[in-house]
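Novice: Just dropping this structure here.
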Amino acid sequence: MTKTNIELAFYGTRGSCPKGRPEFMEFGGDTSSYTLRLGEALHLLDAGTGVQEALNEQLTPGTERVEIDLTHPHLDHINMGCAGQIYFNNVPGAIQIVGCEGTERALNKVFDGEFLWPVDFEHMGGINKVITECRGREEFQHPGYNVRTLRNWHPRGPTRDGDGGSIGFRYDVQTTEGGIYSVAYVSDMTFRYDNKGQPLLGSEQRINEFVRFVQGADVLIADTQYSEDDFAKMPFLKGFGHPALEEVIDYATRAGVKLLLGTHHDTKQTDELLRKKEQFGQEYGRSVGFQGDFGMARQEERIVAPYRIAA
Ligand SMILES: [Zn+2]
Ligand SMILES: [Zn+2]
C-alpha cells in the first residue's frame, strides 16, 4: 500500500427517505452512504442515495479494491442503480458486495428490470455477482487491515424475524506508527425492543456483544435515530428497529469509544432539531462519564486519520 491516509467520508446520513429541502441541508438529505479509504482499497459503507457522489469522488484511478459493505438491503441503503460505475466500472465485475443473509435475493428482487428498476441486477456489469453473505462474527483479512462483522436485530429485514436483519462492520487498520486505527459502522439495529415494541429476548447479550464489538474504536458511526423522549411520546417507534441516542451513548461509554457520530437521522429531524439533539447528546454524555467526543453526523464530513497505513 502507498502512504495514504485513512479517510472516512460521509455522503448520506439520513434514514429511511431522502430529503431535499433547505432546512435539512446542514446534516444532509441523502440516505446512508459513507466511504472508508484505506490506501488503494475503498470500502463503501452502505449504498444509499449518496452512493452516486461517493463513487464519483472516491473511485479514482489506482483504486485496486472496491467493496460495498451493506448493513442490510432496505431501500435507503441500496440506491446503487443510480451510479454509473455500478454498470460500467473500468474493471468489469470488480466491485465486491458484502452483506447480511438474504442480500442476493433482495438485490435480485429490487433490481428486477421491470416494475421496481429498469435494469436487472444481472446487468450491473461493474459488480461481482458472487455476493458474500454474512451471519455476523465473520472476520476478513486484507493486506494491512481486517474487517469483522456483528449480527444485529432489525425487524422486517431479509431474515424476517429480525435476528441477523442487519450486520455491523468494524475495520481494524495497522498504521505505520505500529498501532491499530479502528472504525466501526453499525446502523439499523435495536437492542431492547422487538418489532411489536415488546422487550427483546436476549437484549442484555446483544448489548454486551455490541459493546465488545465497538470496544476502543477510534470512530464509531452508529444509528441514533430516536431518543428516550421519542419512545415515551410515541411508543410505536420502539418497534421500528432503531435505538435511542441515550442508550448508544451508554454503550459507547462502556466501550471507551473515542469519537461517536450519531446517524440515520429521522426524516422529520431538521437541522435545528439535530443541532439540539447534538447538544443534548453532548450533555448526556458528560452526565454518564462518556470520555470521547460526540456529534451528529453531517453529510460532507471528512475524517482524515493522522496515520498512514502500514505497507
Ligand atoms: Zn435504514
Ligand atoms: Zn432498515
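So you can find residues: chains in the C-alpha cells are A, B, ... in the order shown, residues in each start at 1, and ligands are numbered from 1 in order.
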As a quick test: using only C-alpha atoms and all ligand atoms, which residues lie no more than 6 Å away from ligand 1? Give them as an MDAnalysis selection string.
Specialist: chainID A and resid 15:16 76 188
Novice: Would you return as a CSV table (one decimal) with C-alpha atoms, in the first residue's frame the members of range 87-242 of chain A that DSSP assigns to alpha helix (DSSP H) on this structure's backbone?
Specialist:
```csv
chain,number,residue,atom,x,y,z
A,87,TYR,CA,-22.9,-0.6,-14.7
A,88,PHE,CA,-19.6,0.4,-16.4
A,103,THR,CA,-28.8,-9.7,0.3
A,104,GLU,CA,-28.5,-11.5,-3.0
A,105,ARG,CA,-32.2,-12.4,-3.0
A,106,ALA,CA,-33.1,-8.8,-2.2
A,107,LEU,CA,-30.9,-7.2,-4.8
A,108,ASN,CA,-32.3,-9.5,-7.5
A,109,LYS,CA,-35.8,-8.7,-6.3
A,110,VAL,CA,-35.4,-4.9,-6.3
A,203,SER,CA,-31.4,-8.0,24.9
A,204,GLU,CA,-28.6,-8.0,27.5
A,205,GLN,CA,-26.5,-10.3,25.4
A,206,ARG,CA,-26.9,-8.2,22.3
A,207,ILE,CA,-25.9,-5.1,24.2
A,208,ASN,CA,-22.8,-6.9,25.6
A,209,GLU,CA,-21.9,-8.1,22.1
A,210,PHE,CA,-22.2,-4.6,20.7
A,211,VAL,CA,-20.1,-3.2,23.5
A,212,ARG,CA,-17.4,-5.8,22.7
A,213,PHE,CA,-17.6,-5.2,19.0
A,228,GLU,CA,-35.9,8.1,25.0
A,229,ASP,CA,-38.3,11.1,24.8
A,230,ASP,CA,-39.4,9.9,21.3
A,231,PHE,CA,-40.1,6.4,22.7
A,232,ALA,CA,-42.0,7.9,25.7
A,233,LYS,CA,-44.2,10.1,23.5
```
Novice: Return as a list in words the residues of protein, DNA or RNA that approach ligand 2 to within 7 Å, with only C-alpha atoms and all ligand atoms taken into account.
Specialist: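 So the residues close to ligand 2 are His72, His74, His154, Gly157 and Asp188 of chain A.
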Novice: I'd like the contact shell of Lys238 in chain A - 12 Å cut-off, only C-alpha atoms, skipping same-chain residues fewer than 3 positions apart - returned as a list in words.
Specialist: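 These residues fall inside the cut-off: His154, Pro155, Met189, Thr190, Phe191, Arg192, Tyr193, Asp194, Asn195, Lys196, Gly197, Gln198, Pro199, Leu200, Gln225, Tyr226, Ser227, Glu228, Asp229, Asp230, Phe231, Ala232, Lys233, Met234, Pro235, Gly241, His242, Pro243 and Ala244 of chain A.
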Novice: Pick out the residues sitting within 9 Å of Leu36 in chain A, and hand them over as a PyMOL selection string; count only C-alpha atoms, and ignore anything fewer than 3 positions along from it in its own chain.
Specialist: chain A and resi 6-9+41-45+183
Novice: Produce a table with one row for each residue of range 210-273 of chain A that has an atom at most 9 Å from any atom of range 287-297 of chain A, each row naming the nearest atom pair and its distance in Å at one decimal; use only C-alpha atoms; arrange rows by chain and rising residue number; format as a tab-separated table.
Specialist:
```
residue	atom	partner	partner_atom	distance
A:Ile221	CA	A:Ala297	CA	7.8
A:Thr224	CA	A:Met296	CA	8.7
A:Ile249	CA	A:Phe290	CA	7.3
A:Asp250	CA	A:Val288	CA	7.2
A:Ala252	CA	A:Phe290	CA	7.5
A:Thr253	CA	A:Phe290	CA	4.7
A:Arg254	CA	A:Phe290	CA	8.2
A:Gly256	CA	A:Gln291	CA	7.1
A:Val257	CA	A:Gly292	CA	6.1
A:Lys258	CA	A:Gly292	CA	4.3
A:Leu259	CA	A:Asp293	CA	4.8
A:Leu260	CA	A:Phe294	CA	4.9
A:Leu261	CA	A:Gly295	CA	5.1
A:Gly262	CA	A:Met296	CA	4.6
A:Thr263	CA	A:Ala297	CA	5.4
A:His264	CA	A:Ala297	CA	8.6
A:His265	CA	A:Met296	CA	8.5
```
Novice: Would you save the residues of that selection, restricted to N, CA and C atoms, as an mmCIF file, in the first residue's frame?
Specialist:
```cif
data_model
loop_
_atom_site.group_PDB
_atom_site.id
_atom_site.type_symbol
_atom_site.label_atom_id
_atom_site.label_comp_id
_atom_site.auth_asym_id
_atom_site.auth_seq_id
_atom_site.Cartn_x
_atom_site.Cartn_y
_atom_site.Cartn_z
ATOM 1 N N ILE A 221 -19.578 5.094 13.943
ATOM 2 C CA ILE A 221 -20.756 5.716 13.326
ATOM 3 C C ILE A 221 -21.915 4.796 13.675
ATOM 4 N N THR A 224 -28.630 6.485 15.665
ATOM 5 C CA THR A 224 -29.194 7.077 16.889
ATOM 6 C C THR A 224 -30.500 7.773 16.504
ATOM 7 N N ILE A 249 -25.079 6.105 23.555
ATOM 8 C CA ILE A 249 -24.017 6.799 24.316
ATOM 9 C C ILE A 249 -23.606 5.959 25.527
ATOM 10 N N ASP A 250 -24.587 5.338 26.194
ATOM 11 C CA ASP A 250 -24.259 4.456 27.333
ATOM 12 C C ASP A 250 -23.321 3.333 26.902
ATOM 13 N N ALA A 252 -21.413 3.188 24.204
ATOM 14 C CA ALA A 252 -20.119 3.743 23.748
ATOM 15 C C ALA A 252 -19.253 4.123 24.950
ATOM 16 N N THR A 253 -19.896 4.537 26.030
ATOM 17 C CA THR A 253 -19.161 4.871 27.263
ATOM 18 C C THR A 253 -18.511 3.616 27.819
ATOM 19 N N ARG A 254 -19.297 2.528 27.892
ATOM 20 C CA ARG A 254 -18.754 1.251 28.389
ATOM 21 C C ARG A 254 -17.603 0.769 27.508
ATOM 22 N N GLY A 256 -15.535 2.621 25.688
ATOM 23 C CA GLY A 256 -14.402 3.539 25.565
ATOM 24 C C GLY A 256 -14.187 4.040 24.145
ATOM 25 N N VAL A 257 -15.293 4.293 23.436
ATOM 26 C CA VAL A 257 -15.211 4.812 22.066
ATOM 27 C C VAL A 257 -14.637 6.236 22.098
ATOM 28 N N LYS A 258 -13.759 6.558 21.124
ATOM 29 C CA LYS A 258 -13.108 7.871 21.158
ATOM 30 C C LYS A 258 -13.913 8.962 20.436
ATOM 31 N N LEU A 259 -14.546 8.582 19.334
ATOM 32 C CA LEU A 259 -15.407 9.546 18.635
ATOM 33 C C LEU A 259 -16.682 8.820 18.211
ATOM 34 N N LEU A 260 -17.812 9.290 18.716
ATOM 35 C CA LEU A 260 -19.107 8.703 18.362
ATOM 36 C C LEU A 260 -19.864 9.696 17.493
ATOM 37 N N LEU A 261 -20.310 9.219 16.332
ATOM 38 C CA LEU A 261 -21.126 10.060 15.455
ATOM 39 C C LEU A 261 -22.483 9.388 15.272
ATOM 40 N N GLY A 262 -23.531 10.077 15.713
ATOM 41 C CA GLY A 262 -24.887 9.539 15.604
ATOM 42 C C GLY A 262 -25.433 9.772 14.207
ATOM 43 N N THR A 263 -26.127 8.777 13.668
ATOM 44 C CA THR A 263 -26.590 8.925 12.292
ATOM 45 C C THR A 263 -27.954 8.275 12.069
ATOM 46 N N HIS A 264 -28.289 8.037 10.772
ATOM 47 C CA HIS A 264 -29.607 7.542 10.348
ATOM 48 C C HIS A 264 -30.680 8.496 10.895
ATOM 49 N N HIS A 265 -30.460 9.788 10.616
ATOM 50 C CA HIS A 265 -31.353 10.825 11.136
ATOM 51 C C HIS A 265 -32.765 10.623 10.606
#
```
Novice: Residues near Arg308 in chain A, anyone? I mean within 12 Å using only C-alpha atoms, not counting same-chain ones fewer than 5 positions away, as a VMD selection string.
Specialist: chain A and resid 1 to 7 37 to 39 144 to 145 173 to 181
Novice: Using DSSP on the backbone coordinates, identify all residues within range 53-202 of chain A classified as strand (DSSP E or B); present the result as a PyMOL selection string.
Specialist: chain A and resi 65-69+78+95-100+112+120+127+132-134+139-142+145-153+163-175+180-186+193+199
Novice: May I ask for the distance between CA of Ile127 in chain A and CA of Pro92 in chain A, given in Å to one decimal place?
Specialist: 6.9 Å
Novice: Please provide as an NGL selection string all residues within 7 Å of Thr149 in chain A, with the sequence filter that same-chain residues fewer than 5 positions apart are discarded (counting only C-alpha atoms).
Specialist: :A and (136-139 or 167-170)
Novice: Which distance in Å separates CA of Ala217 in chain A and CA of Ser182 in chain A, to one decimal?
Specialist: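 According to the coordinates, CA of Ala217 in chain A and CA of Ser182 in chain A are separated by 5.0 Å.
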Novice: Between A:Gln96, A:Phe115, A:Gly281, A:Lys268, which residue has the minimum interatomic distance to Arg21 in chain A, considering only C-alpha atoms?
Specialist: A:Lys268
Novice: Which one of A:Leu116, A:Cys82, A:Leu245, A:Ile68 sits closest to Ile95 in chain A if you count only C-alpha atoms?
Specialist: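 Once distances to Ile95 in chain A are computed over only C-alpha atoms, the minimum belongs to A:Ile68.
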Novice: CA of Ile86 in chain A to CA of Asp223 in chain A: how many Å, to one decimal?
Specialist: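 The value is 26.3 Å.
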Novice: Ranking A:Thr71, A:Ile78, A:Val98, A:Arg135 by minimum distance to Phe121 in chain A and counting only C-alpha atoms, which one comes first?
Specialist: A:Ile78
Novice: Calculated over only C-alpha atoms, which of the candidates A:Ala310, A:Cys100, A:Leu274, A:Val91 has the smallest distance to Arg298 in chain A?
Specialist: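 Residue with the minimum atom-to-atom distance to Arg298 in chain A: A:Leu274.
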Novice: From the set A:Arg275, A:Phe280, A:Ile303, A:Asp112, which residue has the shortest atom-to-atom contact distance to Leu220 in chain A, counting only C-alpha atoms?
Specialist: A:Ile303
